[in-house]
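Raw contents of target.pdb, PDB, C-alpha atoms and all ligand atoms:
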ATOM      1  CA  MET A   1       0.000   0.000   0.000  1.00  0.00           C
ATOM      2  CA  LYS A   2       2.956   2.297   0.637  1.00  0.00           C
ATOM      3  CA  HIS A   3       3.954   1.645  -2.950  1.00  0.00           C
ATOM      4  CA  LEU A   4       0.566   2.818  -4.273  1.00  0.00           C
ATOM      5  CA  HIS A   5       0.852   5.984  -2.269  1.00  0.00           C
ATOM      6  CA  GLU A   6       4.245   6.804  -3.729  1.00  0.00           C
ATOM      7  CA  SER A   7       3.159   6.337  -7.321  1.00  0.00           C
ATOM      8  CA  TYR A   8       0.126   8.522  -6.733  1.00  0.00           C
ATOM      9  CA  ASN A   9       2.387  11.345  -5.617  1.00  0.00           C
ATOM     10  CA  ASP A  10       4.460  11.158  -8.771  1.00  0.00           C
ATOM     11  CA  PRO A  11       2.325  12.437 -11.708  1.00  0.00           C
ATOM     12  CA  ASN A  12       4.752  11.151 -14.335  1.00  0.00           C
ATOM     13  CA  LYS A  13       4.682   7.687 -12.866  1.00  0.00           C
ATOM     14  CA  LEU A  14       0.900   7.738 -12.826  1.00  0.00           C
ATOM     15  CA  GLU A  15       0.707   8.836 -16.470  1.00  0.00           C
ATOM     16  CA  ASP A  16       3.220   6.173 -17.379  1.00  0.00           C
ATOM     17  CA  SER A  17       1.203   3.484 -15.615  1.00  0.00           C
ATOM     18  CA  ARG A  18      -1.999   4.623 -17.272  1.00  0.00           C
ATOM     19  CA  GLU A  19      -0.437   4.430 -20.701  1.00  0.00           C
ATOM     20  CA  LYS A  20       1.008   0.979 -20.015  1.00  0.00           C
ATOM     21  CA  PHE A  21      -2.330  -0.195 -18.662  1.00  0.00           C
ATOM     22  CA  GLU A  22      -4.165   1.008 -21.783  1.00  0.00           C
ATOM     23  CA  LYS A  23      -1.695  -0.776 -24.055  1.00  0.00           C
ATOM     24  CA  LEU A  24      -1.571  -4.008 -22.075  1.00  0.00           C
ATOM     25  CA  THR A  25      -3.092  -6.999 -23.872  1.00  0.00           C
ATOM     26  CA  TYR A  26      -2.817 -10.721 -23.299  1.00  0.00           C
ATOM     27  CA  LYS A  27      -0.232 -12.268 -25.615  1.00  0.00           C
ATOM     28  CA  PRO A  28      -0.203 -16.046 -25.186  1.00  0.00           C
ATOM     29  CA  ALA A  29       3.503 -16.216 -26.052  1.00  0.00           C
ATOM     30  CA  ASP A  30       4.360 -14.113 -22.990  1.00  0.00           C
ATOM     31  CA  GLY A  31       2.426 -16.407 -20.661  1.00  0.00           C
ATOM     32  CA  PHE A  32      -0.809 -15.864 -18.804  1.00  0.00           C
ATOM     33  CA  THR A  33       0.779 -15.421 -15.378  1.00  0.00           C
ATOM     34  CA  ASN A  34       2.915 -12.510 -16.584  1.00  0.00           C
ATOM     35  CA  PHE A  35      -0.125 -10.852 -18.104  1.00  0.00           C
ATOM     36  CA  ARG A  36      -2.195 -11.336 -14.942  1.00  0.00           C
ATOM     37  CA  ASN A  37       0.550  -9.970 -12.682  1.00  0.00           C
ATOM     38  CA  GLU A  38       1.125  -6.988 -14.949  1.00  0.00           C
ATOM     39  CA  PHE A  39      -2.600  -6.283 -15.093  1.00  0.00           C
ATOM     40  CA  VAL A  40      -3.009  -6.324 -11.318  1.00  0.00           C
ATOM     41  CA  ARG A  41       0.114  -4.211 -10.787  1.00  0.00           C
ATOM     42  CA  LEU A  42      -0.872  -1.551 -13.343  1.00  0.00           C
ATOM     43  CA  ALA A  43      -4.561  -1.492 -12.415  1.00  0.00           C
ATOM     44  CA  GLY A  44      -3.449  -0.890  -8.828  1.00  0.00           C
ATOM     45  CA  GLU A  45      -0.997   1.832  -9.807  1.00  0.00           C
ATOM     46  CA  CYS A  46      -3.615   3.599 -11.952  1.00  0.00           C
ATOM     47  CA  GLN A  47      -6.115   3.245  -9.118  1.00  0.00           C
ATOM     48  CA  ARG A  48      -8.716   1.675 -11.351  1.00  0.00           C
ATOM     49  CA  PRO A  49     -11.821   0.905  -9.274  1.00  0.00           C
ATOM     50  CA  LYS A  50     -11.981  -2.795  -8.428  1.00  0.00           C
ATOM     51  CA  SER A  51     -15.482  -2.923  -9.903  1.00  0.00           C
ATOM     52  CA  ASP A  52     -13.986  -2.289 -13.383  1.00  0.00           C
ATOM     53  CA  TRP A  53     -11.264  -4.916 -13.194  1.00  0.00           C
ATOM     54  CA  LYS A  54     -13.268  -7.804 -14.600  1.00  0.00           C
ATOM     55  CA  TYR A  55     -14.443  -5.669 -17.516  1.00  0.00           C
ATOM     56  CA  GLU A  56     -10.948  -4.313 -18.210  1.00  0.00           C
ATOM     57  CA  PHE A  57      -9.358  -7.757 -17.890  1.00  0.00           C
ATOM     58  CA  ASN A  58     -11.817  -9.285 -20.335  1.00  0.00           C
ATOM     59  CA  ARG A  59     -11.200  -6.509 -22.878  1.00  0.00           C
ATOM     60  CA  LYS A  60      -7.510  -7.382 -22.974  1.00  0.00           C
ATOM     61  CA  LEU A  61      -7.956 -11.100 -23.702  1.00  0.00           C
ATOM     62  CA  THR A  62      -7.521 -12.687 -27.120  1.00  0.00           C
ATOM     63  CA  PRO A  63     -10.775 -13.065 -29.124  1.00  0.00           C
ATOM     64  CA  SER A  64     -10.776 -16.854 -28.728  1.00  0.00           C
ATOM     65  CA  LEU A  65     -10.172 -16.708 -24.969  1.00  0.00           C
ATOM     66  CA  LYS A  66     -12.883 -14.057 -24.705  1.00  0.00           C
ATOM     67  CA  THR A  67     -15.267 -16.453 -26.425  1.00  0.00           C
ATOM     68  CA  ALA A  68     -14.305 -19.328 -24.133  1.00  0.00           C
ATOM     69  CA  VAL A  69     -14.974 -17.333 -20.955  1.00  0.00           C
ATOM     70  CA  ALA A  70     -18.015 -15.392 -22.215  1.00  0.00           C
ATOM     71  CA  LYS A  71     -20.355 -17.251 -19.872  1.00  0.00           C
ATOM     72  CA  GLU A  72     -18.264 -16.454 -16.794  1.00  0.00           C
ATOM     73  CA  TYR A  73     -17.815 -12.888 -17.969  1.00  0.00           C
ATOM     74  CA  LEU A  74     -21.553 -12.294 -18.238  1.00  0.00           C
ATOM     75  CA  ASP A  75     -22.266 -14.062 -14.951  1.00  0.00           C
ATOM     76  CA  LYS A  76     -22.355 -11.280 -12.377  1.00  0.00           C
ATOM     77  CA  THR A  77     -21.839 -13.701  -9.497  1.00  0.00           C
ATOM     78  CA  VAL A  78     -18.382 -14.581 -10.869  1.00  0.00           C
ATOM     79  CA  ARG A  79     -16.003 -12.129  -9.236  1.00  0.00           C
ATOM     80  CA  PHE A  80     -12.747 -10.836 -10.711  1.00  0.00           C
ATOM     81  CA  ASP A  81     -10.549 -13.369  -8.890  1.00  0.00           C
ATOM     82  CA  GLU A  82     -12.647 -16.336  -9.978  1.00  0.00           C
ATOM     83  CA  PHE A  83     -12.870 -14.992 -13.501  1.00  0.00           C
ATOM     84  CA  VAL A  84      -9.082 -14.703 -13.738  1.00  0.00           C
ATOM     85  CA  ARG A  85      -8.637 -18.224 -12.372  1.00  0.00           C
ATOM     86  CA  HIS A  86     -11.040 -19.532 -14.994  1.00  0.00           C
ATOM     87  CA  CYS A  87      -9.209 -17.695 -17.792  1.00  0.00           C
ATOM     88  CA  GLN A  88      -5.937 -19.123 -16.505  1.00  0.00           C
ATOM     89  CA  GLN A  89      -7.269 -22.691 -16.596  1.00  0.00           C
ATOM     90  CA  ILE A  90      -8.248 -22.378 -20.241  1.00  0.00           C
ATOM     91  CA  ALA A  91      -5.068 -20.533 -21.195  1.00  0.00           C
ATOM     92  CA  ASP A  92      -3.034 -23.327 -19.535  1.00  0.00           C
ATOM     93  CA  ILE A  93      -4.957 -26.035 -21.380  1.00  0.00           C
ATOM     94  CA  TRP A  94      -4.339 -24.306 -24.693  1.00  0.00           C
ATOM     95  CA  THR A  95      -0.660 -23.802 -23.962  1.00  0.00           C
ATOM     96  CA  ARG A  96      -0.317 -27.481 -23.068  1.00  0.00           C
ATOM     97  CA  ALA A  97      -2.203 -28.537 -26.214  1.00  0.00           C
ATOM     98  CA  GLN A  98       0.105 -26.418 -28.323  1.00  0.00           C
ATOM     99  CA  GLN A  99       3.204 -27.863 -26.641  1.00  0.00           C
ATOM    100  CA  GLU A 100       1.864 -31.389 -27.105  1.00  0.00           C
ATOM    101  CA  ARG A 101       1.291 -30.633 -30.754  1.00  0.00           C
ATOM    102  CA  SER A 102       4.800 -29.325 -31.342  1.00  0.00           C
ATOM    103  CA  THR A 103       6.410 -32.287 -29.549  1.00  0.00           C
ATOM    104  CA  SER A 104       4.207 -34.866 -31.308  1.00  0.00           C
ATOM    105  CA  ASN A 105       5.371 -33.470 -34.654  1.00  0.00           C
ATOM    106  CA  SER A 106       8.988 -34.396 -33.919  1.00  0.00           C
ATOM    107  CA  GLY A 107       8.755 -37.777 -32.167  1.00  0.00           C
ATOM    108  CA  SER A 108       6.778 -41.008 -31.989  1.00  0.00           C
ATOM    109  CA  GLY A 109       3.365 -40.623 -30.357  1.00  0.00           C
ATOM    110  CA  SER A 110       3.581 -41.285 -26.642  1.00  0.00           C
ATOM    111  CA  GLY A 111       0.281 -39.529 -25.920  1.00  0.00           C
ATOM    112  CA  LYS A 112      -1.804 -41.174 -23.252  1.00  0.00           C
ATOM    113  CA  SER A 113      -5.321 -39.898 -23.852  1.00  0.00           C
ATOM    114  CA  LYS A 114      -4.832 -39.126 -27.533  1.00  0.00           C
ATOM    115  CA  ASP A 115      -5.728 -42.559 -28.920  1.00  0.00           C
ATOM    116  CA  LYS A 116      -8.779 -42.868 -26.712  1.00  0.00           C
ATOM    117  CA  ASP A 117     -10.275 -39.701 -28.200  1.00  0.00           C
ATOM    118  CA  LYS A 118      -9.339 -40.469 -31.767  1.00  0.00           C
ATOM    119  CA  GLY A 119     -12.450 -42.531 -32.511  1.00  0.00           C
ATOM    120  CA  LYS A 120     -14.765 -39.754 -31.370  1.00  0.00           C
ATOM    121  CA  GLY A 121     -12.947 -37.194 -33.471  1.00  0.00           C
ATOM    122  CA  LYS A 122     -13.175 -39.340 -36.589  1.00  0.00           C
ATOM    123  CA  ALA A 123     -16.916 -39.817 -36.201  1.00  0.00           C
ATOM    124  CA  THR A 124     -17.592 -36.094 -35.974  1.00  0.00           C
ATOM    125  CA  SER A 125     -15.180 -35.169 -38.732  1.00  0.00           C
ATOM    126  CA  THR A 126     -17.148 -37.070 -41.384  1.00  0.00           C
ATOM    127  CA  THR A 127     -20.321 -35.155 -40.565  1.00  0.00           C
ATOM    128  CA  ALA A 128     -18.360 -31.918 -40.457  1.00  0.00           C
ATOM    129  CA  THR A 129     -16.932 -32.376 -43.955  1.00  0.00           C
ATOM    130  CA  SER A 130     -20.269 -33.442 -45.441  1.00  0.00           C
ATOM    131  CA  SER A 131     -22.091 -30.415 -44.036  1.00  0.00           C
ATOM    132  CA  LYS A 132     -19.314 -28.180 -45.307  1.00  0.00           C
ATOM    133  CA  SER A 133     -20.054 -29.112 -48.903  1.00  0.00           C
ATOM    134  CA  SER A 134     -23.594 -27.706 -48.715  1.00  0.00           C
ATOM    135  CA  THR A 135     -24.173 -24.230 -50.119  1.00  0.00           C
ATOM    136  CA  ALA A 136     -25.817 -22.950 -46.915  1.00  0.00           C
ATOM    137  CA  PRO A 137     -23.590 -20.911 -44.571  1.00  0.00           C
ATOM    138  CA  THR A 138     -21.818 -23.071 -41.997  1.00  0.00           C
ATOM    139  CA  ARG A 139     -23.819 -23.368 -38.807  1.00  0.00           C
ATOM    140  CA  THR A 140     -20.880 -23.244 -36.439  1.00  0.00           C
ATOM    141  CA  ARG A 141     -22.283 -20.800 -33.901  1.00  0.00           C
ATOM    142  CA  LEU A 142     -21.517 -22.439 -30.564  1.00  0.00           C
ATOM    143  CA  SER A 143     -23.221 -21.861 -27.263  1.00  0.00           C
ATOM    144  CA  PRO A 144     -20.952 -20.722 -24.403  1.00  0.00           C
ATOM    145  CA  ASP A 145     -21.364 -24.205 -22.872  1.00  0.00           C
ATOM    146  CA  GLU A 146     -20.204 -25.904 -26.053  1.00  0.00           C
ATOM    147  CA  VAL A 147     -17.281 -23.516 -26.320  1.00  0.00           C
ATOM    148  CA  ARG A 148     -16.323 -24.296 -22.754  1.00  0.00           C
ATOM    149  CA  ILE A 149     -16.383 -28.058 -23.256  1.00  0.00           C
ATOM    150  CA  LEU A 150     -14.296 -27.754 -26.418  1.00  0.00           C
ATOM    151  CA  ALA A 151     -11.819 -25.543 -24.587  1.00  0.00           C
ATOM    152  CA  MET A 152     -11.533 -27.963 -21.665  1.00  0.00           C
ATOM    153  CA  GLU A 153     -10.916 -30.871 -24.038  1.00  0.00           C
ATOM    154  CA  GLY A 154      -8.387 -28.854 -26.027  1.00  0.00           C
ATOM    155  CA  ARG A 155     -10.441 -29.076 -29.179  1.00  0.00           C
ATOM    156  CA  CYS A 156     -10.692 -26.607 -32.022  1.00  0.00           C
ATOM    157  CA  PHE A 157     -13.782 -24.376 -31.799  1.00  0.00           C
ATOM    158  CA  THR A 158     -14.389 -24.468 -35.496  1.00  0.00           C
ATOM    159  CA  CYS A 159     -13.956 -28.065 -36.647  1.00  0.00           C
ATOM    160  CA  LYS A 160     -13.954 -29.674 -33.157  1.00  0.00           C
ATOM    161  CA  GLU A 161     -10.815 -31.655 -33.904  1.00  0.00           C
ATOM    162  CA  LYS A 162      -7.911 -31.992 -31.489  1.00  0.00           C
ATOM    163  CA  GLY A 163      -4.378 -30.946 -32.282  1.00  0.00           C
ATOM    164  CA  HIS A 164      -4.820 -27.305 -33.133  1.00  0.00           C
ATOM    165  CA  VAL A 165      -6.538 -24.310 -31.626  1.00  0.00           C
ATOM    166  CA  SER A 166      -9.182 -22.412 -33.502  1.00  0.00           C
ATOM    167  CA  LYS A 167      -6.647 -19.677 -34.296  1.00  0.00           C
ATOM    168  CA  ASP A 168      -4.790 -22.115 -36.557  1.00  0.00           C
ATOM    169  CA  CYS A 169      -7.845 -23.847 -37.991  1.00  0.00           C
ATOM    170  CA  PRO A 170      -8.093 -23.951 -41.780  1.00  0.00           C
ATOM    171  CA  GLN A 171     -11.890 -23.637 -41.538  1.00  0.00           C
ATOM    172  CA  LYS A 172     -11.727 -20.705 -39.175  1.00  0.00           C
ATOM    173  CA  ALA A 173     -10.889 -17.784 -41.441  1.00  0.00           C
ATOM    174  CA  ALA A 174     -14.269 -17.591 -43.171  1.00  0.00           C
ATOM    175  CA  ASP A 175     -16.310 -17.671 -39.948  1.00  0.00           C
ATOM    176  CA  ASN A 176     -13.928 -15.607 -37.877  1.00  0.00           C
ATOM    177  CA  ALA A 177     -15.208 -12.108 -38.547  1.00  0.00           C
ATOM    178  CA  LYS A 178     -18.838 -13.120 -38.125  1.00  0.00           C
ATOM    179  CA  LYS A 179     -18.264 -14.894 -34.819  1.00  0.00           C
ATOM    180  CA  LEU A 180     -16.076 -12.139 -33.412  1.00  0.00           C
ATOM    181  CA  ALA A 181     -18.739  -9.569 -34.227  1.00  0.00           C
ATOM    182  CA  ALA A 182     -21.312 -11.618 -32.322  1.00  0.00           C
ATOM    183  CA  VAL A 183     -19.100 -11.862 -29.242  1.00  0.00           C
ATOM    184  CA  ASN A 184     -18.292  -8.168 -29.342  1.00  0.00           C
ATOM    185  CA  ALA A 185     -21.999  -7.398 -29.550  1.00  0.00           C
ATOM    186  CA  ILE A 186     -22.603  -9.382 -26.344  1.00  0.00           C
ATOM    187  CA  VAL A 187     -19.673  -7.721 -24.604  1.00  0.00           C
ATOM    188  CA  ASP A 188     -20.705  -4.233 -25.758  1.00  0.00           C
ATOM    189  CA  ALA A 189     -24.301  -4.805 -24.726  1.00  0.00           C
ATOM    190  CA  TYR A 190     -23.130  -5.948 -21.323  1.00  0.00           C
ATOM    191  CA  ALA A 191     -20.778  -2.973 -20.969  1.00  0.00           C
ATOM    192  CA  ALA A 192     -23.536  -0.537 -21.980  1.00  0.00           C
ATOM    193  CA  LYS A 193     -25.916  -2.117 -19.473  1.00  0.00           C
ATOM    194  CA  GLN A 194     -23.213  -1.976 -16.807  1.00  0.00           C
ATOM    195  CA  ASP A 195     -22.570   1.730 -17.499  1.00  0.00           C
ATOM    196  CA  LYS A 196     -26.266   2.418 -17.261  1.00  0.00           C
ATOM    197  CA  THR A 197     -26.705   0.613 -13.940  1.00  0.00           C
ATOM    198  CA  ASP A 198     -23.563   2.303 -12.615  1.00  0.00           C
ATOM    199  CA  ALA A 199     -24.955   5.709 -13.591  1.00  0.00           C
ATOM    200  CA  GLU A 200     -28.319   4.880 -12.084  1.00  0.00           C
ATOM    201  CA  SER A 201     -26.870   3.774  -8.789  1.00  0.00           C
ATOM    202  CA  GLU A 202     -24.799   6.959  -8.640  1.00  0.00           C
ATOM    203  CA  ASN A 203     -27.888   9.076  -9.157  1.00  0.00           C
ATOM    204  CA  ASN A 204     -29.699   7.384  -6.296  1.00  0.00           C
TER     205      ASN A 204
HETATM  206 ZN    ZN A 301     -10.061 -26.719 -36.591  1.00  0.00          ZN
END

Go ahead and express the file in the form of structure tokens.
Amino acid sequence: MKHLHESYNDPNKLEDSREKFEKLTYKPADGFTNFRNEFVRLAGECQRPKSDWKYEFNRKLTPSLKTAVAKEYLDKTVRFDEFVRHCQQIADIWTRAQQERSTSNSGSGSGKSKDKDKGKGKATSTTATSSKSSTAPTRTRLSPDEVRILAMEGRCFTCKEKGHVSKDCPQKAADNAKKLAAVNAIVDAYAAKQDKTDAESENN
């Protein structure tokens, strides 16, 4: 707390922290823990109200992580700390899946659970490819629950196969803009509602 007090008394430091906080985004390559620590440090230094932290944290996530945690984000009973822990779980699963993928490219498959899941993946992939050939737009809009299950199992959001994240999915590019717009609409609607209720409670 002494530290916060000092930075508040130095206007340059405060400006500097504000700028860093604005620019901070989650980059998976830098690791989730580093991002989380930096967020908490800067949010504290800028004296952001704790009530905004969940909103600010969510804004700085990658689009795919934002999608995966949309349910927890919109759930008002999920507090900042729980929300961050949930984000971390999914980020860790994705990091592990990516590492597994890069190691399985170089050596013989020693994966434990991989073979068990292979049958399931094959069954769904045939239906996925057959529906793709139809002229109708792909119906890949997932519910937050579906997204969560896919994320927990380390599966791709788009084609539901293991071994790559949605970011690297060949099917993803076409749907990407559409899906992102839908998520942003939810987030914006929530933020607008939040601003309104905040303003209302201030007026009371
Ligand atoms: Zn895919």

Original post:
Smallest atom-to-atom distance to Ile90 in chain A: which of A:Asp30, A:Glu153, A:Asp75, A:Glu45, using only C-alpha atoms?
Top reply: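 Closest candidate: A:Glu153.
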
**OP:** Rank nothing, just name the residue among A:Thr33, A:Ala68, A:Glu19, A:Ser104 nearest to Leu150 in chain A, using only C-alpha atoms.
**Re:**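 Ranking A:Thr33, A:Ala68, A:Glu19, A:Ser104 by distance to Leu150 in chain A, first place goes to A:Ala68.
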
Original post:
Residues at most 10 Å from ligand ZN 301 (chain A), using all atoms listed in the file? Could they come as an NGL selection string?
Top reply: :A and (155-172)

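Here CA of Tyr26 in chain A stands at a distance of 27.3 Å from CA of Asp10 in chain A.
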
Subject >> Given all atoms listed in the file as the counted atoms, nearest of A:Gln99, A:Phe21, A:Thr67, A:Asn37 to Arg141 in chain A >> reply: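 Of the candidates, the smallest distance to Arg141 in chain A is held by A:Thr67.
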
Subject >> Atom pair CA of Arg18 in chain A / CA of Ala43 in chain A: separation (Å) >> reply: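 Computing it gives 8.2 Å between the two atoms.
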
Original post:
CA of Arg79 in chain A and CA of Ile93 in chain A, how far apart in Å?
Top reply: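 So the two atoms, CA of Ile93 in chain A and CA of Arg79 in chain A, lie 21.5 Å apart.
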
Subject >> Exercise: residues within 12 Å of coordinate (6.3, -0.6, -14.2), counting all atoms listed in the file, as an NGL selection string >> reply: :A and (3-4 or 7 or 12-21 or 24 or 37-46)

Original post:
Could you name the residues that touch Lys27 in chain A at 9 Å or less, counting all atoms listed in the file, but leaving out those on the same chain fewer than 4 positions away, as an MDAnalysis selection string?
Top reply: chainID A and resid 31:32 35 61:62

Original post:
Which is closest to Lys23 in chain A among A:Asp92, A:Glu82, A:Glu56, A:Glu72, if we use only C-alpha atoms?
Top reply: A:Glu56

Original post:
Of the candidates A:Asp81, A:Lys50, A:Pro144, A:Met152, which one gets nearest to Lys66 in chain A if we count only C-alpha atoms?
Top reply: A:Pro144

Subject >> Nearest to Pro63 in chain A, chosen from A:Gln89, A:Glu146, A:Pro28, A:Thr95, with all atoms listed in the file counted in the distances >> reply: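 Looking only at the distances to Pro63 in chain A, the closest residue turns out to be A:Pro28.
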
Incomplete range 66-83 of chain A brought to N, CA and C atoms, written out as a PDB file, keeping the file's coordinate frame:
ATOM      1  N   LYS A  66     -11.680 -14.819 -25.045  1.00  0.00           N
ATOM      2  CA  LYS A  66     -12.883 -14.057 -24.705  1.00  0.00           C
ATOM      3  C   LYS A  66     -14.129 -14.899 -24.950  1.00  0.00           C
ATOM      4  N   THR A  67     -14.131 -15.595 -26.088  1.00  0.00           N
ATOM      5  CA  THR A  67     -15.267 -16.453 -26.425  1.00  0.00           C
ATOM      6  C   THR A  67     -15.410 -17.577 -25.411  1.00  0.00           C
ATOM      7  N   ALA A  68     -14.280 -18.172 -25.032  1.00  0.00           N
ATOM      8  CA  ALA A  68     -14.305 -19.328 -24.133  1.00  0.00           C
ATOM      9  C   ALA A  68     -14.806 -18.958 -22.743  1.00  0.00           C
ATOM     10  N   VAL A  69     -14.595 -17.725 -22.320  1.00  0.00           N
ATOM     11  CA  VAL A  69     -14.974 -17.333 -20.955  1.00  0.00           C
ATOM     12  C   VAL A  69     -16.187 -16.391 -20.946  1.00  0.00           C
ATOM     13  N   ALA A  70     -16.886 -16.333 -22.094  1.00  0.00           N
ATOM     14  CA  ALA A  70     -18.015 -15.392 -22.215  1.00  0.00           C
ATOM     15  C   ALA A  70     -19.078 -15.642 -21.148  1.00  0.00           C
ATOM     16  N   LYS A  71     -19.322 -16.912 -20.855  1.00  0.00           N
ATOM     17  CA  LYS A  71     -20.355 -17.251 -19.872  1.00  0.00           C
ATOM     18  C   LYS A  71     -19.981 -16.708 -18.491  1.00  0.00           C
ATOM     19  N   GLU A  72     -18.731 -16.928 -18.103  1.00  0.00           N
ATOM     20  CA  GLU A  72     -18.264 -16.454 -16.794  1.00  0.00           C
ATOM     21  C   GLU A  72     -18.203 -14.928 -16.768  1.00  0.00           C
ATOM     22  N   TYR A  73     -17.885 -14.348 -17.913  1.00  0.00           N
ATOM     23  CA  TYR A  73     -17.815 -12.888 -17.969  1.00  0.00           C
ATOM     24  C   TYR A  73     -19.195 -12.275 -17.717  1.00  0.00           C
ATOM     25  N   LEU A  74     -20.204 -12.850 -18.345  1.00  0.00           N
ATOM     26  CA  LEU A  74     -21.553 -12.294 -18.238  1.00  0.00           C
ATOM     27  C   LEU A  74     -22.216 -12.640 -16.907  1.00  0.00           C
ATOM     28  N   ASP A  75     -21.699 -13.654 -16.240  1.00  0.00           N
ATOM     29  CA  ASP A  75     -22.266 -14.062 -14.951  1.00  0.00           C
ATOM     30  C   ASP A  75     -21.793 -13.098 -13.862  1.00  0.00           C
ATOM     31  N   LYS A  76     -22.724 -12.314 -13.356  1.00  0.00           N
ATOM     32  CA  LYS A  76     -22.355 -11.280 -12.377  1.00  0.00           C
ATOM     33  C   LYS A  76     -21.905 -11.850 -11.038  1.00  0.00           C
ATOM     34  N   THR A  77     -22.260 -13.111 -10.772  1.00  0.00           N
ATOM     35  CA  THR A  77     -21.839 -13.701  -9.497  1.00  0.00           C
ATOM     36  C   THR A  77     -20.380 -14.148  -9.541  1.00  0.00           C
ATOM     37  N   VAL A  78     -19.802 -14.231 -10.743  1.00  0.00           N
ATOM     38  CA  VAL A  78     -18.382 -14.581 -10.869  1.00  0.00           C
ATOM     39  C   VAL A  78     -17.549 -13.322 -10.660  1.00  0.00           C
ATOM     40  N   ARG A  79     -16.795 -13.311  -9.573  1.00  0.00           N
ATOM     41  CA  ARG A  79     -16.003 -12.129  -9.236  1.00  0.00           C
ATOM     42  C   ARG A  79     -14.686 -12.134 -10.007  1.00  0.00           C
ATOM     43  N   PHE A  80     -13.994 -11.002  -9.961  1.00  0.00           N
ATOM     44  CA  PHE A  80     -12.747 -10.836 -10.711  1.00  0.00           C
ATOM     45  C   PHE A  80     -11.770 -11.989 -10.477  1.00  0.00           C
ATOM     46  N   ASP A  81     -11.534 -12.325  -9.215  1.00  0.00           N
ATOM     47  CA  ASP A  81     -10.549 -13.369  -8.890  1.00  0.00           C
ATOM     48  C   ASP A  81     -10.915 -14.717  -9.513  1.00  0.00           C
ATOM     49  N   GLU A  82     -12.191 -15.063  -9.405  1.00  0.00           N
ATOM     50  CA  GLU A  82     -12.647 -16.336  -9.978  1.00  0.00           C
ATOM     51  C   GLU A  82     -12.555 -16.300 -11.500  1.00  0.00           C
ATOM     52  N   PHE A  83     -12.906 -15.160 -12.051  1.00  0.00           N
ATOM     53  CA  PHE A  83     -12.870 -14.992 -13.501  1.00  0.00           C
ATOM     54  C   PHE A  83     -11.445 -15.193 -14.019  1.00  0.00           C
TER      55      PHE A  83
END
